[in-house]
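Have a look at the structure below, then the notes.
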Amino acid sequence: MRIFVTGATGFIGSAVVPELIEAGHQVLGLARSEAGATALKAVGAEVHRGELTDLESLRKGAEQSDGVIHLAFIHDFSKFQENCEIDRRAIEAIGSVLAGSNRPLIVTSGLAGLAKPGELATEDMDVPMDFPFPRISEQTAFSLKGVNAAVVRLPQVHDTAKQGLVTYLIALAREKGVSAYVGDGGNRWAAAAVADVARLYRLVLDKNEAGAKYHAVAEEGVTLRDIAEAIGRGLQIPVQSVSPDEAESHFGWLAQFATLDLQASSAKTRERLGWQPTGPGLITDLHHMRYY
């Protein structure tokens, strides 16, 4: 298949593209810059120039392909709601081209809002319509008429260079000279190594099951206290708790995530796809990364 991949030069996309090519697929990767285009060519992908806000370029990319994996997202959390709206429009634009065909659209989502604190989120759960978290990628994809859509929900995806939201925790700890967690730090974040996540996207594409929801989860939950302690060791700085009342002043925009419980199961994903994560755990990657 010829697959159009948005976010093809990003952290996860850079792993997904070679995974698809190695499996025999052709990849048409979206690239904003000449550097991105060069990187895609180097791994054997075709280049489609454009960006997430250029809806016509997204439609043209989808028109030229047998399916789409939508990974791109603008990670500027100071404009989070605005970027979620850009994401919605992008999915609708791609879907307008795929409607009425069996060509798959795989979109990317997260785990927030699925389960109550202390509970494992499962693939059967849906985000409540009144949930205040503004990202609505999967709701948008599943609302598109005649589109063969599936969703991959991501945890904290990591290697020794990046770790999802943990990357921002590291930057904040470096800036403030202390690695912090909220309360007892018992809230948990699910995690998975980036190579395992890339393999899952390929398996979802091959399965091509409309309406399916998958969890790219290797570890069901790592406590924020354990994460903070690993960061503290790496940066050689103190580790401390901050109260819920102090969370916003300490974490800034990260406070909305630092207090969330994002545990999740991938039991049904593994059963349906035969996916077995083999990569290192989050704390292992934090132990082996270069902090300076």
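Residue numbers start at 1 in each chain; chains themselves are named A, B, ... in the order of the structure tokens; ligands are numbered from 1 in the order shown.
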Within 12 Å of range 166-172 of chain A, which residues of range 33-137 of chain A come that close, and what is the closest atom pair and distance in Å for each? Count only C-alpha atoms and give it as a Markdown table.
| residue | atom | partner | partner_atom | distance |
| --- | --- | --- | --- | --- |
| A:His75 | CA | A:Tyr168 | CA | 11.0 |
| A:Asp76 | CA | A:Tyr168 | CA | 11.4 |
| A:Phe77 | CA | A:Tyr168 | CA | 10.5 |
Those residues you just picked out, can you put them in a file as a PDB file, in the first residue's frame with all heavy atoms?
ATOM      1  N   HIS A  75       2.806  20.755  18.946  1.00  0.00           N
ATOM      2  CA  HIS A  75       3.014  20.614  20.390  1.00  0.00           C
ATOM      3  C   HIS A  75       3.432  21.927  21.039  1.00  0.00           C
ATOM      4  O   HIS A  75       4.480  22.023  21.684  1.00  0.00           O
ATOM      5  CB  HIS A  75       4.040  19.513  20.667  1.00  0.00           C
ATOM      6  CG  HIS A  75       3.521  18.142  20.377  1.00  0.00           C
ATOM      7  ND1 HIS A  75       3.715  17.507  19.157  1.00  0.00           N
ATOM      8  CD2 HIS A  75       2.775  17.298  21.125  1.00  0.00           C
ATOM      9  CE1 HIS A  75       3.126  16.329  19.192  1.00  0.00           C
ATOM     10  NE2 HIS A  75       2.549  16.172  20.363  1.00  0.00           N
ATOM     11  N   ASP A  76       2.600  22.927  20.864  1.00  0.00           N
ATOM     12  CA  ASP A  76       2.770  24.206  21.563  1.00  0.00           C
ATOM     13  C   ASP A  76       1.607  24.307  22.545  1.00  0.00           C
ATOM     14  O   ASP A  76       0.504  24.680  22.193  1.00  0.00           O
ATOM     15  CB  ASP A  76       2.748  25.369  20.569  1.00  0.00           C
ATOM     16  CG  ASP A  76       2.868  26.729  21.256  1.00  0.00           C
ATOM     17  OD1 ASP A  76       2.912  26.768  22.507  1.00  0.00           O
ATOM     18  OD2 ASP A  76       2.907  27.747  20.550  1.00  0.00           O
ATOM     19  N   PHE A  77       1.887  23.920  23.797  1.00  0.00           N
ATOM     20  CA  PHE A  77       0.795  23.810  24.766  1.00  0.00           C
ATOM     21  C   PHE A  77       0.311  25.165  25.277  1.00  0.00           C
ATOM     22  O   PHE A  77      -0.694  25.229  25.973  1.00  0.00           O
ATOM     23  CB  PHE A  77       1.220  22.897  25.916  1.00  0.00           C
ATOM     24  CG  PHE A  77       1.302  21.457  25.510  1.00  0.00           C
ATOM     25  CD1 PHE A  77       2.503  20.889  25.132  1.00  0.00           C
ATOM     26  CD2 PHE A  77       0.161  20.669  25.465  1.00  0.00           C
ATOM     27  CE1 PHE A  77       2.580  19.562  24.742  1.00  0.00           C
ATOM     28  CE2 PHE A  77       0.216  19.336  25.076  1.00  0.00           C
ATOM     29  CZ  PHE A  77       1.437  18.790  24.711  1.00  0.00           C
TER      30      PHE A  77
END
For this session: Might you pull out every residue within 8 Å of Ala192 in chain A, with only C-alpha atoms counted and same-chain residues fewer than 4 positions away left off, and present them as a list in words?
Result: Pro155, Gln156, Val157, His158, Asp196, Val197, Ala216, Val217, Ala218, Glu219, Pro277, Gly279, Gly281 and Leu282 of chain A
For this session: Identify all residues of range 148-192 of chain A in alpha helix (DSSP H) (DSSP on the backbone) and supply them as a ChimeraX atom specification.
Result: /A:165-176
Output file for the selection above: N, CA, C and O atoms, as a compact mmCIF listing (two decimals), in the first residue's frame:
# COMPACT_ATOMS: atom_id res chain seq x y z
N LEU A 165 5.28 13.73 27.64
CA LEU A 165 5.18 14.84 28.59
C LEU A 165 6.34 14.84 29.58
O LEU A 165 6.65 15.90 30.16
N VAL A 166 6.97 13.69 29.77
CA VAL A 166 8.10 13.63 30.71
C VAL A 166 9.24 14.53 30.23
O VAL A 166 9.99 15.09 31.04
N THR A 167 9.37 14.69 28.93
CA THR A 167 10.39 15.59 28.39
C THR A 167 10.22 17.01 28.96
O THR A 167 11.20 17.68 29.29
N TYR A 168 8.97 17.44 29.06
CA TYR A 168 8.70 18.78 29.61
C TYR A 168 8.95 18.82 31.12
O TYR A 168 9.38 19.86 31.65
N LEU A 169 8.68 17.71 31.81
CA LEU A 169 9.00 17.65 33.24
C LEU A 169 10.50 17.78 33.46
O LEU A 169 10.95 18.43 34.42
N ILE A 170 11.29 17.17 32.59
CA ILE A 170 12.75 17.26 32.69
C ILE A 170 13.20 18.70 32.49
O ILE A 170 14.03 19.23 33.24
N ALA A 171 12.66 19.36 31.47
CA ALA A 171 13.04 20.75 31.20
C ALA A 171 12.66 21.65 32.38
O ALA A 171 13.44 22.54 32.76
N LEU A 172 11.50 21.41 32.97
CA LEU A 172 11.07 22.22 34.11
C LEU A 172 11.96 21.97 35.32
O LEU A 172 12.33 22.92 36.04
N ALA A 173 12.30 20.71 35.56
CA ALA A 173 13.18 20.38 36.69
C ALA A 173 14.56 21.01 36.52
O ALA A 173 15.14 21.52 37.49
N ARG A 174 15.05 21.00 35.30
CA ARG A 174 16.35 21.62 35.04
C ARG A 174 16.28 23.12 35.31
O ARG A 174 17.19 23.72 35.89
N GLU A 175 15.18 23.74 34.89
CA GLU A 175 15.01 25.19 35.07
C GLU A 175 14.87 25.56 36.55
O GLU A 175 15.47 26.55 37.01
N LYS A 176 14.12 24.77 37.31
CA LYS A 176 13.81 25.13 38.70
C LYS A 176 14.78 24.54 39.71
O LYS A 176 14.76 24.92 40.89
Exercise. What does the distance between CA of Met1 in chain A and CA of His25 in chain A come to in Å, to one decimal place?
Worked result: 5.1 Å
Exercise. Of the candidates A:Arg49, A:Arg188, A:Lys162, A:Arg272, which one gets nearest to Leu200 in chain A if we count only C-alpha atoms?
Worked result: A:Arg272
For this session: Enumerate as a PyMOL selection string all residues of range 18-247 of chain A assigned to strand (DSSP E) by DSSP on the backbone, naming them with the chain letters and numbers the document uses.
Result: chain A and resi 26-31+46-49+67-70+104-109+148-153+156-158+179-182+188-193+213-215+219-223+239-242
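For the set A:Ser179, A:Gln240, A:Thr259, A:Ser266, the residue with the smallest atom-to-atom gap to Glu220 in chain A is A:Ser266, counting only C-alpha atoms.
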For this session: Would you please work out which residue, of A:His48, A:Lys268, A:Arg103, A:His250, is nearest to Lys60 in chain A when using only C-alpha atoms?
Result: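 Result for the nearest residue to Lys60 in chain A: A:His48.
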